[in-house]
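K.L.:
What follows is start36.cif; its format and atoms are mmCIF, C-alpha atoms.
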```cif
data_coords
loop_
_atom_site.label_atom_id
_atom_site.label_comp_id
_atom_site.auth_asym_id
_atom_site.auth_seq_id
_atom_site.Cartn_x
_atom_site.Cartn_y
_atom_site.Cartn_z
CA MET A 1 -6.52 -26.37 202.26
CA MET A 2 -7.68 -28.14 205.38
CA ARG A 3 -11.19 -28.59 204.03
CA TYR A 4 -9.84 -29.95 200.83
CA ARG A 5 -7.87 -32.58 202.67
CA THR A 6 -10.73 -33.73 204.86
CA ASN A 7 -12.93 -34.10 201.80
CA LEU A 8 -10.44 -36.24 200.02
CA PRO A 9 -11.35 -39.61 201.56
CA PHE A 10 -14.97 -38.90 200.70
CA ALA A 11 -14.06 -38.16 197.07
CA MET A 12 -12.06 -41.34 196.93
CA ARG A 13 -14.86 -43.37 198.44
CA PHE A 14 -17.29 -41.83 196.01
CA ILE A 15 -15.13 -42.60 193.00
CA LEU A 16 -14.49 -46.12 194.24
CA SER A 17 -18.18 -46.86 194.69
CA CYS A 18 -18.89 -45.44 191.23
CA LEU A 19 -16.19 -47.71 189.89
CA ALA A 20 -17.68 -50.75 191.56
CA PHE A 21 -21.13 -49.93 190.25
CA TRP A 22 -19.81 -49.42 186.76
CA ALA A 23 -17.87 -52.63 186.84
CA LEU A 24 -21.07 -54.47 187.78
CA LEU A 25 -22.89 -52.88 184.82
CA ALA A 26 -20.06 -53.68 182.46
CA ILE A 27 -19.87 -57.29 183.57
CA SER A 28 -23.63 -57.72 183.21
CA ALA A 29 -23.47 -56.26 179.69
CA ILE A 30 -20.66 -58.55 178.69
CA PHE A 31 -22.51 -61.60 179.94
CA ALA A 32 -25.89 -60.53 178.54
CA ASP A 33 -25.07 -61.97 175.12
CA SER A 34 -24.33 -65.38 176.47
CA ALA A 35 -27.42 -65.17 178.66
CA ILE A 36 -29.60 -64.68 175.59
CA ALA A 37 -28.08 -67.75 174.04
CA GLN A 38 -28.81 -69.78 177.15
CA GLN A 39 -32.47 -68.87 177.23
CA ALA A 40 -34.94 -71.70 177.07
CA THR A 41 -35.36 -72.97 173.57
CA ASN A 42 -38.68 -73.28 171.90
CA GLU A 43 -39.55 -76.94 172.08
CA ASN A 44 -42.88 -76.63 170.43
CA ALA A 45 -41.69 -76.65 166.87
CA GLU A 46 -43.95 -79.49 165.88
CA GLU A 47 -43.95 -80.75 162.38
CA ASN A 48 -47.70 -80.66 162.17
CA THR A 49 -47.67 -76.86 161.97
CA PRO A 50 -48.54 -76.02 158.39
CA ASP A 51 -45.87 -74.46 156.24
CA ILE A 52 -47.21 -70.96 155.85
CA THR A 53 -45.09 -70.10 152.86
CA ALA A 54 -45.65 -73.35 151.00
CA GLN A 55 -42.52 -72.45 149.13
CA GLY A 56 -41.90 -75.02 146.48
CA SER A 57 -40.98 -75.12 142.87
CA GLU A 58 -44.49 -74.21 141.79
CA PHE A 59 -45.71 -70.67 141.97
CA GLN A 60 -49.42 -70.41 141.52
CA VAL A 61 -49.54 -66.76 140.83
CA VAL A 62 -51.95 -66.45 137.94
CA ASP A 63 -55.23 -64.67 138.69
CA LYS A 64 -54.80 -64.83 142.39
CA PRO A 65 -54.63 -61.76 144.54
CA ALA A 66 -51.04 -60.73 145.05
CA SER A 67 -51.61 -60.97 148.79
CA PHE A 68 -52.07 -64.72 148.77
CA ILE A 69 -49.29 -65.01 151.28
CA GLU A 70 -50.90 -66.59 154.28
CA GLY A 71 -50.44 -65.02 157.64
CA TYR A 72 -50.20 -61.66 156.02
CA ALA A 73 -53.20 -60.21 157.74
CA GLU A 74 -50.96 -59.85 160.79
CA ASN A 75 -53.08 -62.28 162.74
CA TYR A 76 -50.16 -64.25 163.98
CA ALA A 77 -51.59 -67.21 165.84
CA PHE A 78 -49.70 -69.26 168.40
CA THR A 79 -50.78 -72.43 170.11
CA ASP A 80 -48.34 -71.94 172.95
CA PRO A 81 -48.62 -68.69 174.96
CA LYS A 82 -44.88 -68.91 175.53
CA ASP A 83 -44.30 -68.56 171.78
CA ARG A 84 -46.60 -65.58 171.70
CA LYS A 85 -44.52 -63.94 174.41
CA THR A 86 -41.31 -64.69 172.55
CA PHE A 87 -42.77 -63.22 169.35
CA LEU A 88 -43.80 -60.03 171.13
CA LYS A 89 -40.40 -59.78 172.79
CA LEU A 90 -38.56 -60.30 169.50
CA THR A 91 -40.59 -57.73 167.58
CA GLU A 92 -39.90 -55.26 170.35
CA GLU A 93 -36.17 -55.97 170.43
CA LEU A 94 -35.61 -55.90 166.68
CA ARG A 95 -35.08 -52.53 165.15
CA CYS A 96 -36.62 -51.38 161.90
CA PRO A 97 -33.81 -50.61 159.43
CA LYS A 98 -35.96 -48.15 157.48
CA CYS A 99 -37.60 -45.99 160.11
CA GLN A 100 -34.80 -45.86 162.60
CA ASN A 101 -35.45 -45.67 166.32
CA GLN A 102 -38.63 -47.67 165.97
CA ASN A 103 -38.83 -51.37 166.64
CA ILE A 104 -40.51 -53.64 164.13
CA ALA A 105 -43.56 -54.06 166.38
CA ASP A 106 -44.07 -50.32 166.35
CA SER A 107 -43.20 -49.50 162.76
CA ASP A 108 -45.59 -49.50 159.83
CA ALA A 109 -42.89 -49.48 157.17
CA PRO A 110 -43.25 -52.25 154.56
CA ILE A 111 -39.94 -53.71 155.69
CA ALA A 112 -41.21 -53.94 159.29
CA HIS A 113 -44.26 -55.87 158.07
CA ASP A 114 -41.98 -58.23 156.20
CA MET A 115 -39.71 -58.66 159.19
CA ARG A 116 -42.60 -59.44 161.52
CA ARG A 117 -43.82 -62.02 159.04
CA LYS A 118 -40.31 -63.43 158.84
CA VAL A 119 -39.98 -63.63 162.63
CA TYR A 120 -43.24 -65.56 162.73
CA GLN A 121 -42.17 -67.82 159.90
CA LEU A 122 -38.78 -68.54 161.49
CA MET A 123 -40.43 -69.33 164.80
CA ARG A 124 -42.81 -71.72 163.06
CA GLU A 125 -39.78 -73.38 161.56
CA GLY A 126 -38.60 -74.05 165.10
CA LYS A 127 -35.95 -71.39 165.44
CA ASP A 128 -35.45 -70.05 168.95
CA GLU A 129 -35.00 -66.47 170.04
CA SER A 130 -31.25 -66.23 169.53
CA GLU A 131 -31.47 -67.92 166.15
CA VAL A 132 -34.05 -65.41 164.92
CA ILE A 133 -31.86 -62.55 166.14
CA SER A 134 -28.79 -63.93 164.42
CA TRP A 135 -30.82 -64.49 161.22
CA MET A 136 -31.71 -60.80 161.23
CA LYS A 137 -28.20 -59.69 162.19
CA GLN A 138 -26.76 -61.66 159.30
CA ARG A 139 -28.80 -59.58 156.88
CA TYR A 140 -29.14 -56.20 158.56
CA GLY A 141 -26.10 -56.10 160.82
CA ASP A 142 -25.79 -55.50 164.56
CA PHE A 143 -27.87 -52.39 163.95
CA VAL A 144 -31.04 -54.46 163.76
CA HIS A 145 -30.91 -55.53 167.42
CA TYR A 146 -31.42 -53.06 170.24
CA GLN A 147 -28.86 -54.86 172.42
CA PRO A 148 -25.51 -54.18 170.77
CA PRO A 149 -22.82 -56.81 171.32
CA VAL A 150 -19.68 -55.99 173.29
CA ASN A 151 -16.90 -55.93 170.72
CA ALA A 152 -13.70 -54.05 170.01
CA ALA A 153 -15.63 -50.90 169.12
CA THR A 154 -18.31 -50.90 171.82
CA VAL A 155 -16.18 -52.09 174.73
CA TRP A 156 -14.82 -48.54 175.01
CA LEU A 157 -18.22 -47.30 176.10
CA TRP A 158 -17.68 -49.40 179.23
CA LEU A 159 -13.94 -48.98 179.61
CA VAL A 160 -13.56 -45.21 179.15
CA PRO A 161 -15.50 -44.29 182.32
CA ILE A 162 -13.44 -46.80 184.30
CA LEU A 163 -10.20 -45.45 182.88
CA PHE A 164 -11.38 -41.93 183.57
CA ALA A 165 -12.18 -42.79 187.17
CA PHE A 166 -8.74 -44.34 187.60
CA ALA A 167 -7.11 -41.25 186.09
CA MET A 168 -9.04 -39.07 188.52
CA LEU A 169 -8.02 -41.26 191.44
CA PHE A 170 -4.41 -41.10 190.37
CA MET A 171 -4.54 -37.34 190.06
CA PHE A 172 -6.13 -36.90 193.49
CA ILE A 173 -3.46 -38.99 195.17
CA LYS A 174 -0.64 -37.30 193.33
CA ARG A 175 -2.01 -33.87 194.05
CA ARG A 176 -2.52 -34.53 197.74
CA LYS A 177 1.12 -35.42 198.17
CA GLN A 178 2.23 -32.31 196.34
CA VAL A 179 -0.09 -30.09 198.29
CA ASP A 180 1.09 -31.61 201.53
CA ASP A 181 4.75 -30.96 200.80
CA SER A 182 4.42 -27.45 199.52
CA ASP A 183 1.95 -26.69 202.24
CA VAL A 184 4.36 -27.65 204.98
CA GLU A 185 7.26 -25.87 203.34
CA ALA A 186 5.26 -22.73 202.72
CA ARG A 187 4.05 -22.69 206.29
CA LEU A 188 7.53 -23.19 207.61
CA ALA A 189 8.81 -20.38 205.44
CA ARG A 190 6.03 -18.11 206.58
CA ALA A 191 6.61 -19.02 210.20
CA GLU A 192 10.27 -18.26 209.87
CA GLU A 193 9.50 -14.91 208.27
CA LEU A 194 7.16 -14.10 211.12
CA LEU A 195 9.80 -15.08 213.61
CA LYS A 196 12.35 -12.89 211.90
CA GLU A 197 10.01 -9.94 211.88
CA GLU A 198 9.47 -10.29 215.60
CA MET B 199 6.55 -25.60 180.79
CA LYS B 200 4.33 -27.62 183.09
CA ARG B 201 1.83 -24.80 183.24
CA LEU B 202 1.73 -24.74 179.43
CA SER B 203 0.97 -28.45 179.28
CA TRP B 204 -1.87 -28.03 181.77
CA PHE B 205 -3.28 -25.39 179.49
CA LEU B 206 -2.68 -27.37 176.32
CA LEU B 207 -4.21 -30.64 177.52
CA PRO B 208 -7.80 -29.38 177.92
CA PHE B 209 -7.37 -27.31 174.79
CA ILE B 210 -6.38 -30.35 172.73
CA LEU B 211 -9.21 -32.36 174.28
CA PHE B 212 -11.61 -29.58 173.39
CA LEU B 213 -10.31 -29.44 169.81
CA GLY B 214 -10.68 -33.20 169.46
CA LEU B 215 -14.23 -33.11 170.77
CA SER B 216 -15.08 -30.21 168.45
CA VAL B 217 -13.78 -32.06 165.39
CA PHE B 218 -15.69 -35.19 166.41
CA LEU B 219 -18.97 -33.33 166.93
CA PHE B 220 -18.47 -31.20 163.81
CA LYS B 221 -18.09 -34.32 161.70
CA GLY B 222 -21.26 -35.65 163.29
CA LEU B 223 -23.17 -32.69 161.87
CA PHE B 224 -22.59 -33.95 158.35
CA SER B 225 -22.83 -37.68 158.92
CA ASP B 226 -25.75 -39.60 157.50
CA PRO B 227 -27.47 -41.62 160.23
CA THR B 228 -29.11 -43.86 157.64
CA GLU B 229 -25.75 -44.90 156.22
CA ARG B 230 -24.77 -48.38 157.28
CA GLU B 231 -22.36 -50.91 156.00
CA SER B 232 -24.09 -53.53 153.93
CA GLU B 233 -23.86 -57.07 155.23
CA VAL B 234 -23.97 -58.65 151.77
CA LEU B 235 -20.95 -56.88 150.24
CA ALA B 236 -18.35 -59.32 148.91
CA GLU B 237 -20.80 -62.14 149.66
CA PRO B 238 -22.31 -64.43 147.05
CA PHE B 239 -25.78 -63.44 145.91
CA PRO B 240 -28.23 -65.32 148.17
CA ALA B 241 -29.53 -68.53 146.64
CA PHE B 242 -32.92 -68.06 145.02
CA LYS B 243 -35.36 -69.84 142.76
CA LEU B 244 -37.99 -67.45 141.52
CA PRO B 245 -40.32 -67.08 138.55
CA ASP B 246 -40.25 -64.53 135.80
CA LEU B 247 -42.60 -61.62 136.51
CA MET B 248 -44.29 -61.94 133.12
CA ASP B 249 -44.28 -65.71 132.76
CA GLU B 250 -44.28 -67.87 135.87
CA SER B 251 -43.30 -70.97 133.89
CA ILE B 252 -39.78 -69.54 133.58
CA ILE B 253 -37.86 -70.13 136.82
CA TYR B 254 -34.59 -68.33 137.46
CA ASP B 255 -31.84 -69.21 139.90
CA ASN B 256 -28.28 -68.04 140.61
CA ARG B 257 -27.10 -69.26 137.21
CA ILE B 258 -28.30 -65.97 135.71
CA PHE B 259 -25.04 -64.43 136.96
CA ASP B 260 -22.78 -66.91 135.18
CA GLY B 261 -20.15 -65.12 133.14
CA GLU B 262 -21.86 -61.75 133.05
CA ILE B 263 -21.64 -58.63 135.16
CA THR B 264 -25.20 -57.95 136.22
CA LEU B 265 -26.95 -55.06 137.93
CA ILE B 266 -29.87 -56.15 140.04
CA ASN B 267 -32.38 -53.38 140.53
CA VAL B 268 -34.94 -53.92 143.29
CA TRP B 269 -38.08 -52.06 142.29
CA GLY B 270 -41.86 -51.91 142.09
CA VAL B 271 -44.47 -49.85 140.26
CA TRP B 272 -45.66 -48.39 143.57
CA CYS B 273 -42.22 -46.87 144.16
CA ILE B 274 -41.91 -43.30 142.90
CA THR B 275 -38.13 -43.05 143.08
CA CYS B 276 -37.90 -46.21 140.96
CA ALA B 277 -39.88 -44.50 138.20
CA ILE B 278 -37.55 -41.50 138.41
CA GLU B 279 -34.41 -43.58 137.92
CA LEU B 280 -35.85 -45.75 135.11
CA PRO B 281 -34.94 -43.35 132.25
CA TYR B 282 -31.31 -43.17 133.43
CA LEU B 283 -31.10 -46.95 133.88
CA THR B 284 -32.50 -47.34 130.36
CA GLU B 285 -29.79 -45.03 129.07
CA LEU B 286 -27.16 -47.17 130.82
CA SER B 287 -28.64 -50.39 129.47
CA GLN B 288 -28.37 -48.96 125.97
CA GLN B 289 -24.64 -48.54 126.64
CA GLY B 290 -24.43 -52.29 127.19
CA ILE B 291 -24.96 -52.58 130.95
CA ARG B 292 -27.01 -55.63 131.85
CA PHE B 293 -29.93 -54.87 134.15
CA VAL B 294 -32.14 -57.47 135.76
CA GLY B 295 -35.12 -56.37 137.82
CA LEU B 296 -35.99 -57.90 141.16
CA TYR B 297 -39.64 -57.02 141.35
CA TYR B 298 -41.71 -57.08 144.49
CA ASP B 299 -45.20 -55.88 145.08
CA GLN B 300 -46.30 -54.03 148.12
CA ASP B 301 -49.38 -56.10 148.74
CA ILE B 302 -49.52 -55.36 152.45
CA ASP B 303 -51.65 -52.35 151.68
CA PRO B 304 -55.37 -53.19 151.45
CA ASP B 305 -55.47 -51.28 148.18
CA PHE B 306 -52.74 -53.42 146.74
CA GLY B 307 -53.91 -56.59 148.40
CA THR B 308 -56.73 -57.02 145.95
CA LYS B 309 -54.39 -56.79 143.03
CA THR B 310 -54.19 -59.79 140.77
CA ILE B 311 -51.00 -60.85 139.09
CA ASN B 312 -52.48 -59.85 135.74
CA ARG B 313 -53.05 -56.35 137.00
CA VAL B 314 -49.49 -56.20 138.33
CA ARG B 315 -48.24 -57.25 134.89
CA SER B 316 -50.26 -54.65 133.04
CA GLU B 317 -49.06 -51.96 135.44
CA VAL B 318 -45.46 -53.05 134.98
CA ARG B 319 -45.88 -52.91 131.19
CA GLU B 320 -47.40 -49.46 131.42
CA THR B 321 -44.66 -48.12 133.73
CA LEU B 322 -41.84 -49.56 131.62
CA GLY B 323 -43.52 -48.29 128.47
CA ARG B 324 -43.72 -44.79 129.86
CA TYR B 325 -40.31 -44.39 131.53
CA GLY B 326 -38.17 -46.86 129.60
CA ASN B 327 -37.31 -50.50 130.11
CA PRO B 328 -33.70 -51.17 131.13
CA PHE B 329 -34.36 -54.79 132.16
CA GLU B 330 -33.35 -57.91 130.31
CA PHE B 331 -36.02 -59.59 132.40
CA ASN B 332 -37.73 -59.20 135.78
CA ILE B 333 -37.56 -61.71 138.60
CA PHE B 334 -40.71 -61.80 140.70
CA ASP B 335 -39.74 -61.96 144.38
CA VAL B 336 -43.06 -63.56 145.30
CA TYR B 337 -42.63 -63.78 149.06
CA ARG B 338 -40.02 -61.00 149.27
CA ASP B 339 -37.65 -63.52 150.81
CA THR B 340 -34.81 -62.67 148.46
CA ALA B 341 -35.23 -58.98 149.23
CA LEU B 342 -34.88 -59.80 152.95
CA ASP B 343 -31.87 -62.03 152.25
CA LEU B 344 -30.27 -59.11 150.44
CA GLY B 345 -30.85 -56.78 153.38
CA VAL B 346 -33.15 -54.58 151.31
CA THR B 347 -34.82 -51.90 153.40
CA GLY B 348 -36.96 -50.40 150.65
CA ALA B 349 -37.06 -49.77 146.93
CA PRO B 350 -35.11 -48.79 144.95
CA GLU B 351 -31.87 -50.56 145.75
CA THR B 352 -29.27 -51.61 143.23
CA PHE B 353 -26.66 -54.37 143.44
CA LEU B 354 -23.68 -54.91 141.19
CA VAL B 355 -22.99 -58.64 140.88
CA ASP B 356 -19.80 -59.88 139.28
CA ARG B 357 -19.30 -62.82 136.90
CA ASN B 358 -18.98 -65.23 139.82
CA GLY B 359 -22.25 -64.15 141.39
CA VAL B 360 -20.60 -62.12 144.16
CA ILE B 361 -22.14 -58.81 145.22
CA ARG B 362 -19.69 -55.96 144.71
CA VAL B 363 -21.82 -52.85 145.20
CA HIS B 364 -24.96 -52.33 147.26
CA HIS B 365 -26.59 -48.97 146.73
CA LEU B 366 -29.65 -47.68 148.59
CA GLY B 367 -31.75 -45.12 146.79
CA ASP B 368 -31.83 -43.98 143.20
CA VAL B 369 -29.03 -44.36 140.71
CA ASN B 370 -28.16 -41.10 139.01
CA PRO B 371 -25.10 -39.94 137.01
CA ARG B 372 -23.33 -38.78 140.19
CA VAL B 373 -23.89 -42.07 142.04
CA TRP B 374 -22.97 -44.04 138.93
CA ALA B 375 -19.64 -42.23 138.51
CA ALA B 376 -18.77 -42.45 142.21
CA LYS B 377 -19.95 -45.92 143.15
CA PHE B 378 -20.55 -48.16 140.16
CA GLN B 379 -18.16 -47.07 137.40
CA PRO B 380 -14.91 -47.68 139.37
CA VAL B 381 -15.95 -51.21 140.34
CA LEU B 382 -17.18 -51.92 136.83
CA ASP B 383 -13.87 -50.72 135.36
CA GLU B 384 -11.98 -52.91 137.80
CA LEU B 385 -14.05 -55.99 136.94
CA GLN B 386 -13.74 -55.43 133.21
CA GLY B 387 -10.01 -54.83 133.59
CA GLN B 388 -9.58 -58.19 135.30
CA VAL B 389 -11.03 -60.03 132.34
CA GLU B 390 -8.83 -58.21 129.83
CA GLU B 391 -5.76 -59.10 131.87
CA GLY B 392 -6.85 -62.70 132.27
#
```
Represent the structure from my file as structure tokens, please.

P.N.:
Amino acid sequence: MMRYRTNLPFAMRFILSCLAFWALLAISAIFADSAIAQQATNENAEENTPDITAQGSEFQVVDKPASFIEGYAENYAFTDPKDRKTFLKLTEELRCPKCQNQNIADSDAPIAHDMRRKVYQLMREGKDESEVISWMKQRYGDFVHYQPPVNAATVWLWLVPILFAFAMLFMFIKRRKQVDDSDVEARLARAEELLKEE
Amino acid sequence: MKRLSWFLLPFILFLGLSVFLFKGLFSDPTERESEVLAEPFPAFKLPDLMDESIIYDNRIFDGEITLINVWGVWCITCAIELPYLTELSQQGIRFVGLYYDQDIDPDFGTKTINRVRSEVRETLGRYGNPFEFNIFDVYRDTALDLGVTGAPETFLVDRNGVIRVHHLGDVNPRVWAAKFQPVLDELQGQVEEG
């Protein structure tokens, strides 16, 4: 009983520091979404970049190889190294919807090829990182991004440990009081018994 | 009484966890909610697979319930579902193909549009042709807009051009009865009432 009581402040300190750490993590997760949005925008969306899709009303499809789509050889060229970095980051962060648990940079599924091409195309159109991510999310859901947003469903992943820690704290405090009371009473009773025996 | 509750609490927690994990055993990790359900069919302007001078757009949905089947000759499951789709089309269901070619493969990359057409004719001749016509998704942009992850996928589009069903994988009698028929009945019922 004595050892239990001396350990109690340590347990409380431990739980409290865990709580603080967790709160830091939770706060950083909640603000991560807005941080992405604030990231530097791609200013190099010049108009002189050729339109790789050349998507117009005319489709010159007769007697041309079906792979006439330019940029399909996966040689994605960037004039600005910053764009190249953004492209690599995006293809690593976006998740392949077909072969799950692979990002689109890693996956060889046809859909991953198409998504890489689309990321490139969107970047050439001048879209920044968060715009590309939201373009993908609009079509493939939150699933497509490896950083899930904090919403009504996912906030519990952060809150449950905090609530659990509070419950534990509450129980420790409550229990200590109980133990104290009964301990004293029991000791008194035992002491009295001993006295009587003598 | 208090002792009983201390025993019951972990027991109930354990039961809850067991049920949760047990359900997880039978859940399909590939199953996700489609983002295009109840949304209008994405705007498109694409040529006919067989004749590029014909250009289709969203007006193809006007006034008719349409099933859009995303397919390609390179897709084996598509060939397997073609006979059943043909059967359905003979019952008066309108099928329109959204065709895309998998030209990312070096083997396919050398394919000319004429070869694609002859292969499509051969495949449809062998397994049945349920399609009123085929739209050629040249750059696969419409497939991406639809959230297609691979072929085959089938969409039920109502008379107003709104997507009502998005099905991944083949359409067979079981899928048809469970997923498509109820929505189709509902849509057809609305017109009779109106």

K.L.:
Find the nearest atom pair between each residue of chain B and chain A for residues within 9 Å, count all atoms listed in the file, give distances in Å to one decimal, sort rows by chain and ascending number, and present the table as a tab-separated table.

P.N.:
```
residue	atom	partner	partner_atom	distance
B:Pro227	CA	A:Gln100	CA	8.8
B:Thr228	CA	A:Gln100	CA	7.8
B:Arg230	CA	A:Phe143	CA	8.4
B:Glu231	CA	A:Gly141	CA	8.0
B:Ser232	CA	A:Tyr140	CA	7.4
B:Glu233	CA	A:Arg139	CA	5.8
B:Val234	CA	A:Arg139	CA	7.1
B:Lys243	CA	A:Ser57	CA	7.7
B:Leu244	CA	A:Ser57	CA	8.3
B:Pro245	CA	A:Phe59	CA	7.3
B:Glu250	CA	A:Phe59	CA	6.9
B:Ser251	CA	A:Phe59	CA	8.4
B:Ile253	CA	A:Ser57	CA	8.4
B:Asp299	CA	A:Ala66	CA	7.6
B:Gln300	CA	A:Pro110	CA	7.3
B:Asp301	CA	A:Ser67	CA	5.4
B:Ile302	CA	A:Ser67	CA	7.0
B:Asp303	CA	A:Pro110	CA	8.9
B:Phe306	CA	A:Ala66	CA	7.7
B:Gly307	CA	A:Ser67	CA	5.0
B:Thr308	CA	A:Pro65	CA	5.4
B:Lys309	CA	A:Pro65	CA	5.2
B:Thr310	CA	A:Pro65	CA	4.3
B:Ile311	CA	A:Asp63	CA	5.7
B:Asn312	CA	A:Asp63	CA	6.3
B:Arg313	CA	A:Asp63	CA	8.8
B:Val314	CA	A:Ala66	CA	8.3
B:Val336	CA	A:Phe59	CA	8.3
B:Tyr337	CA	A:Ile69	CA	7.1
B:Arg338	CA	A:Asp114	CA	7.7
B:Asp339	CA	A:Lys118	CA	8.5
B:Leu342	CA	A:Arg139	CA	7.2
B:Asp343	CA	A:Arg139	CA	6.1
B:Leu344	CA	A:Arg139	CA	6.6
B:Gly345	CA	A:Arg139	CA	4.9
B:Val346	CA	A:Ile111	CA	8.1
B:Thr347	CA	A:Lys98	CA	5.7
B:Gly348	CA	A:Ile111	CA	6.7
```

K.L.:
List every protein, DNA or RNA residue that has an atom no more than 12 Å from (-21.0, -48.6, 185.7) in the file's coordinate frame, counting all atoms listed in the file, and report them as a list in words.

P.N.:
Ile15, Leu16, Ser17, Cys18, Leu19, Ala20, Phe21, Trp22, Ala23, Leu24, Leu25, Ala26, Ile27, Ser28, Ala29, Leu157, Trp158, Leu159, Val160, Pro161, Ile162, Leu163, Phe164 and Ala165 of chain A

K.L.:
Could you list, as a count of residues only, every residue within 9 Å of region 274-280 of chain B, counting only C-alpha atoms and ignoring same-chain residues fewer than 6 positions away?

P.N.:
14

K.L.:
Which residues are close to region 356-362 of chain B, i.e. within 12 Å by all atoms listed in the file, leaving aside same-chain residues fewer than 5 positions away? Reply as an MDAnalysis selection string.

P.N.:
chainID B and resid 232:242 255:266 292 344 377:386 388:389

K.L.:
To one decimal in Å, tell me the separation between CA of Glu129 (chain A) and CA of Lys82 (chain A).

P.N.:
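These atoms are spaced 11.6 Å apart.
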
K.L.:
For CA of Ala105 (chain A) and CA of Gly126 (chain A), determine how far apart the two atoms are, in Å to one decimal place.

P.N.:
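Result for CA of Ala105 (chain A) versus CA of Gly126 (chain A): 20.6 Å, one decimal.
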
K.L.:
Can you work out the spacing between CA of Asp80 (chain A) and CA of Leu94 (chain A) in Å, to one decimal?

P.N.:
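Going from CA of Asp80 (chain A) over to CA of Leu94 (chain A), I get 21.4 Å.
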
K.L.:
Centre and edge lengths, as JSON, for the axis-aligned box enclosing every listed atom of region 80-84 of chain A with 5 Å of padding on each of the six sides, in Å to one decimal?

P.N.:
```
{"center_x": -46.5, "center_y": -68.8, "center_z": 173.6, "size_x": 14.3, "size_y": 16.4, "size_z": 13.8}
```

K.L.:
Can you give me, as a PDB file with C-alpha atoms, in the coordinates of the input, the residues this file yields under the PyMOL selection byres ((chain B and resi 333) around 8)?

P.N.:
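Below is the file that was written, expr33.pdb:
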```pdb
ATOM      1  CA  LEU B 244     -37.990 -67.450 141.520  1.00  0.00           C
ATOM      2  CA  PRO B 245     -40.320 -67.080 138.550  1.00  0.00           C
ATOM      3  CA  ASP B 246     -40.250 -64.530 135.800  1.00  0.00           C
ATOM      4  CA  LEU B 247     -42.600 -61.620 136.510  1.00  0.00           C
ATOM      5  CA  TYR B 254     -34.590 -68.330 137.460  1.00  0.00           C
ATOM      6  CA  VAL B 294     -32.140 -57.470 135.760  1.00  0.00           C
ATOM      7  CA  GLY B 295     -35.120 -56.370 137.820  1.00  0.00           C
ATOM      8  CA  LEU B 296     -35.990 -57.900 141.160  1.00  0.00           C
ATOM      9  CA  TYR B 297     -39.640 -57.020 141.350  1.00  0.00           C
ATOM     10  CA  PHE B 331     -36.020 -59.590 132.400  1.00  0.00           C
ATOM     11  CA  ASN B 332     -37.730 -59.200 135.780  1.00  0.00           C
ATOM     12  CA  PHE B 334     -40.710 -61.800 140.700  1.00  0.00           C
ATOM     13  CA  ASP B 335     -39.740 -61.960 144.380  1.00  0.00           C
TER      14      ASP B 335
END
```
